[in-house]
file structure_21.txt (compact mmCIF, C-alpha atoms and all ligand atoms)
# COMPACT_ATOMS: atom_id res chain seq x y z
CA MET A 1 -45.04 5.85 -106.10
CA CYS A 2 -45.64 2.93 -103.91
CA GLU A 3 -49.41 2.75 -103.91
CA ASP A 4 -51.70 1.99 -101.00
CA CYS A 5 -49.66 3.95 -98.52
CA PHE A 6 -51.60 6.04 -96.01
CA GLU A 7 -50.68 8.63 -93.48
CA LYS A 8 -53.52 7.75 -91.23
CA GLY A 9 -56.90 6.51 -90.46
CA ASP A 10 -55.41 7.18 -87.15
CA ALA A 11 -55.99 10.00 -84.70
CA ARG A 12 -53.76 13.02 -84.93
CA ALA A 13 -51.28 13.75 -82.26
CA PRO A 14 -50.18 17.24 -81.24
CA GLY A 15 -46.58 18.17 -81.81
CA SER A 16 -44.11 20.93 -82.15
CA ASP A 17 -40.99 22.35 -83.70
CA ALA A 18 -39.29 21.02 -80.66
CA ASP A 19 -40.10 17.60 -82.10
CA GLU A 20 -37.69 18.34 -84.88
CA ALA A 21 -35.03 18.89 -82.27
CA GLY A 22 -36.16 15.72 -80.56
CA SER A 23 -35.94 13.89 -83.83
CA ARG A 24 -32.49 15.20 -84.44
CA ARG A 25 -31.50 14.14 -80.99
CA LEU A 26 -32.98 10.71 -81.53
CA PHE A 27 -31.19 10.44 -84.84
CA LEU A 28 -27.97 11.54 -83.24
CA LEU A 29 -28.51 8.89 -80.59
CA LEU A 30 -29.08 6.30 -83.28
CA GLY A 31 -26.06 7.52 -85.19
CA LEU A 32 -23.79 7.41 -82.18
CA SER A 33 -24.89 4.50 -80.12
CA VAL A 34 -27.08 2.39 -82.32
CA LEU A 35 -26.52 2.81 -85.94
CA ALA A 36 -27.22 5.12 -85.54
CA GLY A 37 -39.54 7.94 -95.87
CA CYS A 38 -49.52 13.38 -94.75
CA ALA A 39 -49.12 20.84 -93.29
CA LYS A 40 -50.31 22.77 -90.75
CA GLN A 41 -49.23 25.05 -87.94
CA THR A 42 -46.72 24.08 -85.37
CA VAL A 43 -47.03 24.94 -81.72
CA LEU A 44 -44.13 25.09 -79.36
CA SER A 45 -44.39 22.56 -76.59
CA PRO A 46 -41.97 20.70 -74.33
CA MET A 47 -39.58 18.19 -75.81
CA PRO A 48 -41.36 14.86 -76.32
CA SER A 49 -40.19 11.85 -74.48
CA PRO A 50 -38.91 8.95 -76.57
CA PRO A 51 -41.90 7.29 -78.29
CA TRP A 52 -41.08 3.81 -77.28
CA PRO A 53 -39.98 2.36 -73.99
CA ALA A 54 -36.48 1.10 -73.55
CA ARG A 55 -36.73 -2.56 -74.30
CA PRO A 56 -35.79 -4.91 -71.53
CA PRO A 57 -32.57 -6.84 -71.79
CA ARG A 58 -33.09 -10.39 -72.93
CA SER A 59 -29.92 -12.24 -72.21
CA PRO A 60 -28.38 -12.83 -68.79
CA ASP A 61 -25.16 -11.20 -69.95
CA VAL A 62 -26.91 -7.99 -70.90
CA GLN A 63 -28.83 -7.98 -67.63
CA GLN A 64 -25.62 -8.24 -65.73
CA GLU A 65 -24.00 -5.45 -67.68
CA THR A 66 -26.94 -3.10 -67.13
CA THR A 67 -27.20 -3.59 -63.40
CA ALA A 68 -25.45 -0.29 -62.83
CA ILE A 69 -26.82 1.41 -65.95
CA PRO A 70 -30.58 2.01 -65.95
CA ARG A 71 -30.96 2.15 -69.73
CA PRO A 72 -29.39 -0.74 -71.63
CA ALA A 73 -27.22 0.46 -74.45
CA PRO A 74 -28.07 -1.08 -77.81
CA PRO A 75 -25.43 -3.08 -79.61
CA PRO A 76 -22.77 -1.04 -81.36
CA PRO A 77 -23.43 -0.20 -84.98
CA THR A 78 -21.53 -1.85 -87.73
CA PRO A 79 -18.92 0.32 -89.45
CA ASP A 80 -20.90 -0.08 -92.66
CA TRP A 81 -23.93 1.46 -91.08
CA ARG A 82 -22.17 4.50 -89.70
CA ARG A 83 -20.38 5.10 -92.94
CA LYS A 84 -23.48 4.90 -95.08
CA LEU A 85 -26.24 6.42 -92.99
CA LEU A 86 -27.03 9.95 -94.12
CA PRO A 87 -29.07 12.40 -92.05
CA ARG A 88 -32.37 13.88 -93.10
CA SER A 89 -30.66 17.26 -93.19
CA ALA A 90 -28.61 16.01 -96.14
CA TRP A 91 -31.63 16.08 -98.43
CA ALA A 92 -34.89 17.44 -96.96
CA HIS A 93 -35.98 20.98 -97.78
CA GLY A 94 -38.87 21.05 -95.33
CA ARG A 95 -39.66 19.97 -91.80
CA PRO A 96 -42.09 17.25 -90.79
CA VAL A 97 -45.48 18.69 -89.83
CA PRO A 98 -46.36 17.26 -86.42
CA THR A 99 -50.07 18.04 -86.62
CA ARG A 100 -50.31 15.77 -89.66
CA MET A 101 -48.67 12.76 -88.07
CA ASN A 102 -49.07 10.35 -85.19
CA ARG A 103 -46.36 9.57 -82.73
CA MET A 104 -44.61 6.28 -83.24
CA SER A 105 -45.78 3.55 -80.91
CA SER A 106 -43.60 0.69 -79.73
CA ILE A 107 -41.66 -0.56 -82.72
CA ARG A 108 -42.62 -4.10 -83.76
CA PHE A 109 -42.36 -4.37 -87.56
CA ILE A 110 -40.21 -3.49 -90.53
CA THR A 111 -41.74 -3.16 -94.00
CA LEU A 112 -39.85 -2.84 -97.28
CA HIS A 113 -41.04 -0.90 -100.34
CA HIS A 114 -39.81 0.41 -103.65
CA ASP A 115 -40.61 3.93 -104.74
CA GLY A 116 -42.29 2.51 -107.84
CA MET A 117 -41.64 5.59 -109.93
CA ASP A 118 -39.54 5.68 -113.09
CA PRO A 119 -36.51 3.38 -113.02
CA PHE A 120 -33.82 5.12 -111.02
CA PHE A 121 -30.13 4.38 -111.51
CA ALA A 122 -28.42 7.47 -110.09
CA THR A 123 -25.86 7.04 -107.35
CA ASP A 124 -24.51 10.57 -106.94
CA HIS A 125 -25.44 12.36 -103.75
CA ALA A 126 -27.14 15.37 -105.33
CA THR A 127 -29.41 13.36 -107.61
CA VAL A 128 -30.44 10.96 -104.86
CA ALA A 129 -31.09 13.87 -102.50
CA ALA A 130 -33.28 15.54 -105.12
CA HIS A 131 -35.15 12.28 -105.70
CA LEU A 132 -35.91 11.94 -102.00
CA GLU A 133 -37.06 15.56 -101.86
CA GLY A 134 -39.36 14.81 -104.80
CA ILE A 135 -40.93 11.92 -102.90
CA ARG A 136 -41.29 14.10 -99.81
CA ARG A 137 -43.06 16.81 -101.81
CA LEU A 138 -45.32 14.25 -103.43
CA HIS A 139 -46.32 12.89 -100.05
CA ARG A 140 -46.82 16.40 -98.68
CA ARG A 141 -49.16 17.15 -101.59
CA LYS A 142 -51.23 14.20 -100.42
CA GLY A 143 -51.67 16.11 -97.17
CA TRP A 144 -49.24 13.92 -95.25
CA GLY A 145 -46.94 15.39 -92.62
CA ASP A 146 -43.71 14.23 -94.24
CA ILE A 147 -42.22 11.63 -96.53
CA GLY A 148 -43.98 8.40 -95.58
CA TYR A 149 -40.92 6.20 -95.02
CA HIS A 150 -38.37 6.20 -92.25
CA PHE A 151 -35.36 5.15 -94.29
CA ALA A 152 -34.36 5.03 -97.95
CA VAL A 153 -31.68 2.90 -99.58
CA ASP A 154 -30.12 4.14 -102.78
CA ARG A 155 -28.44 2.22 -105.59
CA ALA A 156 -24.99 2.79 -104.08
CA GLY A 157 -26.12 1.12 -100.84
CA ARG A 158 -26.27 4.30 -98.81
CA VAL A 159 -28.99 4.50 -96.22
CA TRP A 160 -30.73 7.85 -95.80
CA GLU A 161 -32.75 8.94 -92.81
CA ALA A 162 -36.24 9.95 -93.97
CA ARG A 163 -39.20 10.48 -91.59
CA PRO A 164 -37.82 10.66 -88.07
CA LEU A 165 -38.49 7.49 -86.13
CA ASN A 166 -40.37 9.28 -83.38
CA TRP A 167 -43.19 9.73 -85.90
CA GLN A 168 -45.35 6.92 -87.18
CA GLY A 169 -44.77 6.28 -90.86
CA ALA A 170 -47.29 6.39 -93.71
CA HIS A 171 -46.53 3.40 -95.87
CA VAL A 172 -48.91 0.48 -95.25
CA LYS A 173 -52.64 1.19 -95.00
CA ASP A 174 -54.02 0.16 -91.59
CA HIS A 175 -50.64 -1.19 -90.53
CA ASN A 176 -48.55 1.89 -89.83
CA PRO A 177 -48.39 1.80 -86.01
CA GLY A 178 -45.06 0.49 -84.78
CA ASN A 179 -44.00 -0.22 -88.35
CA ILE A 180 -40.67 1.07 -89.70
CA GLY A 181 -40.91 1.83 -93.41
CA ILE A 182 -37.87 1.38 -95.65
CA VAL A 183 -38.04 2.43 -99.29
CA VAL A 184 -35.56 1.02 -101.78
CA LEU A 185 -35.10 3.63 -104.47
CA GLY A 186 -36.15 2.46 -107.92
CA ASN A 187 -38.92 0.59 -109.69
CA PHE A 188 -38.30 -3.09 -109.30
CA GLU A 189 -40.97 -4.07 -111.72
CA GLN A 190 -38.73 -2.49 -114.36
CA GLN A 191 -35.16 -2.83 -113.06
CA GLN A 192 -33.00 -5.04 -110.90
CA PRO A 193 -31.66 -3.91 -107.52
CA SER A 194 -27.88 -3.51 -107.46
CA ALA A 195 -25.68 -5.69 -105.26
CA ALA A 196 -24.64 -2.61 -103.26
CA GLN A 197 -28.28 -1.66 -102.77
CA LEU A 198 -29.17 -5.09 -101.47
CA ASP A 199 -26.24 -4.92 -99.13
CA GLY A 200 -27.45 -1.55 -97.85
CA VAL A 201 -30.88 -3.08 -97.27
CA ARG A 202 -29.33 -6.01 -95.48
CA VAL A 203 -27.34 -3.80 -93.15
CA ASN A 204 -30.30 -1.49 -92.53
CA VAL A 205 -32.73 -4.30 -91.76
CA SER A 206 -30.39 -6.42 -89.70
CA THR A 207 -29.33 -3.45 -87.60
CA LEU A 208 -32.92 -2.35 -86.96
CA MET A 209 -33.88 -5.91 -86.07
CA ARG A 210 -31.12 -6.04 -83.55
CA VAL A 211 -31.69 -2.61 -82.06
CA TYR A 212 -35.47 -2.93 -81.75
CA ASN A 213 -35.53 -6.64 -81.08
CA ILE A 214 -37.68 -7.34 -84.14
CA PRO A 215 -37.90 -11.03 -85.04
CA LEU A 216 -37.60 -12.36 -88.56
CA SER A 217 -41.34 -13.07 -88.59
CA ARG A 218 -42.08 -9.33 -88.34
CA VAL A 219 -40.02 -8.18 -91.31
CA HIS A 220 -42.28 -7.93 -94.35
CA THR A 221 -42.51 -6.51 -97.82
CA HIS A 222 -45.49 -4.27 -98.62
CA GLN A 223 -47.34 -6.92 -100.63
CA GLU A 224 -47.00 -9.40 -97.80
CA TRP A 225 -49.44 -7.32 -95.74
CA GLY A 226 -52.17 -8.47 -98.09
CA ALA A 227 -52.36 -5.15 -99.89
CA PRO A 228 -53.31 -5.21 -103.58
CA THR A 229 -49.92 -3.91 -104.65
CA ALA A 230 -46.89 -5.07 -106.60
CA CYS A 231 -44.64 -3.20 -104.15
CA PRO A 232 -41.71 -3.73 -103.72
CA GLY A 233 -41.64 -5.02 -107.30
CA SER A 234 -40.99 -8.51 -108.58
CA THR A 235 -37.20 -8.36 -108.82
CA LEU A 236 -36.74 -6.83 -105.39
CA GLN A 237 -39.29 -9.16 -103.83
CA LYS A 238 -37.30 -12.11 -105.11
CA ALA A 239 -34.01 -10.68 -103.84
CA LEU A 240 -35.51 -9.87 -100.44
CA LEU A 241 -36.78 -13.41 -100.09
CA ARG A 242 -33.20 -14.58 -100.55
CA LEU A 243 -31.99 -12.20 -97.85
CA ARG A 244 -34.75 -13.36 -95.55
CA ARG A 245 -33.84 -17.00 -96.03
CA ASN A 246 -30.40 -15.99 -94.91
CA GLY A 247 -31.83 -14.36 -91.79
CA TRP A 248 -30.98 -10.78 -92.91
CA LEU A 249 -27.60 -11.48 -91.44
CA GLY A 250 -25.61 -8.30 -91.31
ZN ZN A 301 -45.05 -0.01 -100.80
call {"tool": "encode", "arguments": {"input": "structure_21.txt", "output": "structure tokens"}}
result
Amino acid sequence: MCEDCFEKGDARAPGSDADEAGSRRLFLLLGLSVLAGCAKQTVLSPMPSPPWPARPPRSPDVQQETTAIPRPAPPPPTPDWRRKLLPRSAWAHGRPVPTRMNRMSSIRFITLHHDGMDPFFATDHATVAAHLEGIRRLHRRKGWGDIGYHFAVDRAGRVWEARPLNWQGAHVKDHNPGNIGIVVLGNFEQQQPSAAQLDGVRVNVSTLMRVYNIPLSRVHTHQEWGAPTACPGSTLQKALLRLRRNGWLG
């Protein structure tokens, strides 16, 4: 397990089962128009509003297009993204626990991790799904509200939805607010990432950068936050540096 990941040192936020519906709706929104890994009771409450404000258009062209449309539509997803993104429902056997999580604040960062467990080479759907569920259960046993990461990338390059993006992640101690967590499945101190996996990471990161207007300077690996950790592992760190030099172009 990627060490030094924390659910919080942050205040708890109330939540509800309706948040699950909100998350699904958000994910559906991501899946359709965009590109879319800390238990306690749940209390029914009204549907939450989106956790981050619609970002303002930056270019004159976009401003012109959105004159008649109040909420600017994000850029269309790449075909690769839509084909490879798998919903949380494809693997998770339990719901996020809102009372154990904080709501996501305005998204500003992306951080990459490895799971750091035993080397993992499986590419079949069932085995990957079971692996993700194992990570979720491990994080739940820590008392966290859900798997700590927002996305996971498997060795076949598929991207899996993990913790819904309307909840703050639990993956970098003291730096979780506004920080999207992506876990690359495997232990990259002991194995190499596959080409397909790196391509999945590239598509995932470049799409999120575009959708949330995250600059290159705010895309980090776990160890780059100054944490005493080898995460995301030496081989993946090296590969990610190559992708970064290329601008994460997707
Ligand atoms: Zn990590």
call {"tool": "atom_distance", "arguments": {"input": "structure_21.txt", "atom1": "CA of Gln223 (chain A)", "atom2": "CA of Gly116 (chain A)"}}
result
12.9 Å
call {"tool": "closest_residue", "arguments": {"input": "structure_21.txt", "among": "A:Val205, A:Val172, A:Val153, A:Ala195", "to": "Trp225 (chain A)", "atoms": "only C-alpha atoms"}}
result
A:Val172
call {"tool": "residues_near_ligand", "arguments": {"input": "structure_21.txt", "ligand": "ligand ZN 301 (chain A)", "cutoff": "10 Å", "atoms": "all atoms listed in the file", "output": "ChimeraX atom specification"}}
result
/A:1-5,111-116,148-149,170-173,181-184,221-223,225,227,229-233
call {"tool": "closest_residue", "arguments": {"input": "structure_21.txt", "among": "A:Ser217, A:Asn204, A:Thr99, A:Ser234", "to": "Trp160 (chain A)", "atoms": "only C-alpha atoms"}}
result
A:Asn204
call {"tool": "closest_residue", "arguments": {"input": "structure_21.txt", "among": "A:Trp167, A:Trp144, A:Phe121, A:Trp248", "to": "Pro215 (chain A)", "atoms": "only C-alpha atoms"}}
result
A:Trp248
call {"tool": "closest_residue", "arguments": {"input": "structure_21.txt", "among": "A:Thr207, A:Ala92, A:Met117, A:Arg202", "to": "Leu241 (chain A)", "atoms": "all atoms listed in the file"}}
result
A:Arg202
call {"tool": "residues_near_point", "arguments": {"input": "structure_21.txt", "point": "(-39.3, -12.3, -94.2)", "cutoff": "8 Å", "atoms": "all atoms listed in the file", "output": "MDAnalysis selection string"}}
result
chainID A and resid 216:221 240:241 244:245
call {"tool": "atom_distance", "arguments": {"input": "structure_21.txt", "atom1": "CA of Val159 (chain A)", "atom2": "CA of Leu85 (chain A)"}}
result
4.7 Å
call {"tool": "closest_residue", "arguments": {"input": "structure_21.txt", "among": "A:Phe151, A:Trp91, A:Phe188, A:Phe120", "to": "Lys238 (chain A)", "atoms": "all atoms listed in the file"}}
result
A:Phe188
call {"tool": "closest_residue", "arguments": {"input": "structure_21.txt", "among": "A:Leu185, A:Leu236, A:Met209, A:Leu198", "to": "Ala122 (chain A)", "atoms": "all atoms listed in the file"}}
result
A:Leu185
call {"tool": "atom_distance", "arguments": {"input": "structure_21.txt", "atom1": "CA of Ala129 (chain A)", "atom2": "CA of Asn187 (chain A)"}}
result
17.0 Å
call {"tool": "residues_around", "arguments": {"input": "structure_21.txt", "residues": "Pro177 (chain A)", "least_positions_apart": "2", "cutoff": "7 Å", "atoms": "all atoms listed in the file", "output": "list in words"}}
result
Met104, Ser105, Gln168, His175 and Asn179 of chain A
call {"tool": "decode", "arguments": {"input": "structure_21.txt", "residues": "region 87-128 of chain A", "atoms": "C-alpha atoms", "output": "mmCIF file, in the first residue's frame"}}
result
data_model
loop_
_atom_site.group_PDB
_atom_site.id
_atom_site.type_symbol
_atom_site.label_atom_id
_atom_site.label_comp_id
_atom_site.auth_asym_id
_atom_site.auth_seq_id
_atom_site.Cartn_x
_atom_site.Cartn_y
_atom_site.Cartn_z
ATOM 1 C CA PRO A 87 -17.570 3.059 -13.315
ATOM 2 C CA ARG A 88 -17.189 2.471 -9.612
ATOM 3 C CA SER A 89 -20.176 0.144 -9.821
ATOM 4 C CA ALA A 90 -18.047 -2.216 -11.910
ATOM 5 C CA TRP A 91 -15.933 -3.165 -8.911
ATOM 6 C CA ALA A 92 -16.952 -1.680 -5.534
ATOM 7 C CA HIS A 93 -18.876 -3.817 -3.051
ATOM 8 C CA GLY A 94 -19.590 -1.000 -0.626
ATOM 9 C CA ARG A 95 -20.625 2.628 -0.668
ATOM 10 C CA PRO A 96 -18.491 5.576 0.373
ATOM 11 C CA VAL A 97 -19.232 6.651 3.954
ATOM 12 C CA PRO A 98 -19.909 10.384 3.861
ATOM 13 C CA THR A 99 -19.386 10.959 7.582
ATOM 14 C CA ARG A 100 -15.807 9.757 7.187
ATOM 15 C CA MET A 101 -14.886 12.072 4.345
ATOM 16 C CA ASN A 102 -14.630 15.736 3.472
ATOM 17 C CA ARG A 103 -16.215 17.275 0.460
ATOM 18 C CA MET A 104 -13.880 18.017 -2.396
ATOM 19 C CA SER A 105 -12.852 21.632 -2.636
ATOM 20 C CA SER A 106 -11.956 23.382 -5.869
ATOM 21 C CA ILE A 107 -9.765 21.018 -7.850
ATOM 22 C CA ARG A 108 -6.194 22.290 -8.281
ATOM 23 C CA PHE A 109 -3.830 19.293 -8.264
ATOM 24 C CA ILE A 110 -3.336 15.798 -9.597
ATOM 25 C CA THR A 111 -1.132 13.305 -7.740
ATOM 26 C CA LEU A 112 0.041 9.934 -9.025
ATOM 27 C CA HIS A 113 0.682 6.851 -6.880
ATOM 28 C CA HIS A 114 1.297 3.145 -7.167
ATOM 29 C CA ASP A 115 -0.535 0.714 -4.929
ATOM 30 C CA GLY A 116 2.830 -0.537 -3.663
ATOM 31 C CA MET A 117 1.523 -3.989 -2.838
ATOM 32 C CA ASP A 118 2.751 -7.210 -4.419
ATOM 33 C CA PRO A 119 3.643 -6.907 -8.103
ATOM 34 C CA PHE A 120 0.408 -7.017 -10.061
ATOM 35 C CA PHE A 121 0.270 -8.160 -13.671
ATOM 36 C CA ALA A 122 -3.385 -9.119 -14.150
ATOM 37 C CA THR A 123 -5.363 -7.485 -16.912
ATOM 38 C CA ASP A 124 -8.666 -9.369 -16.786
ATOM 39 C CA HIS A 125 -11.642 -7.438 -15.530
ATOM 40 C CA ALA A 126 -12.553 -9.721 -12.635
ATOM 41 C CA THR A 127 -9.069 -9.835 -11.136
ATOM 42 C CA VAL A 128 -8.570 -6.082 -11.414
#
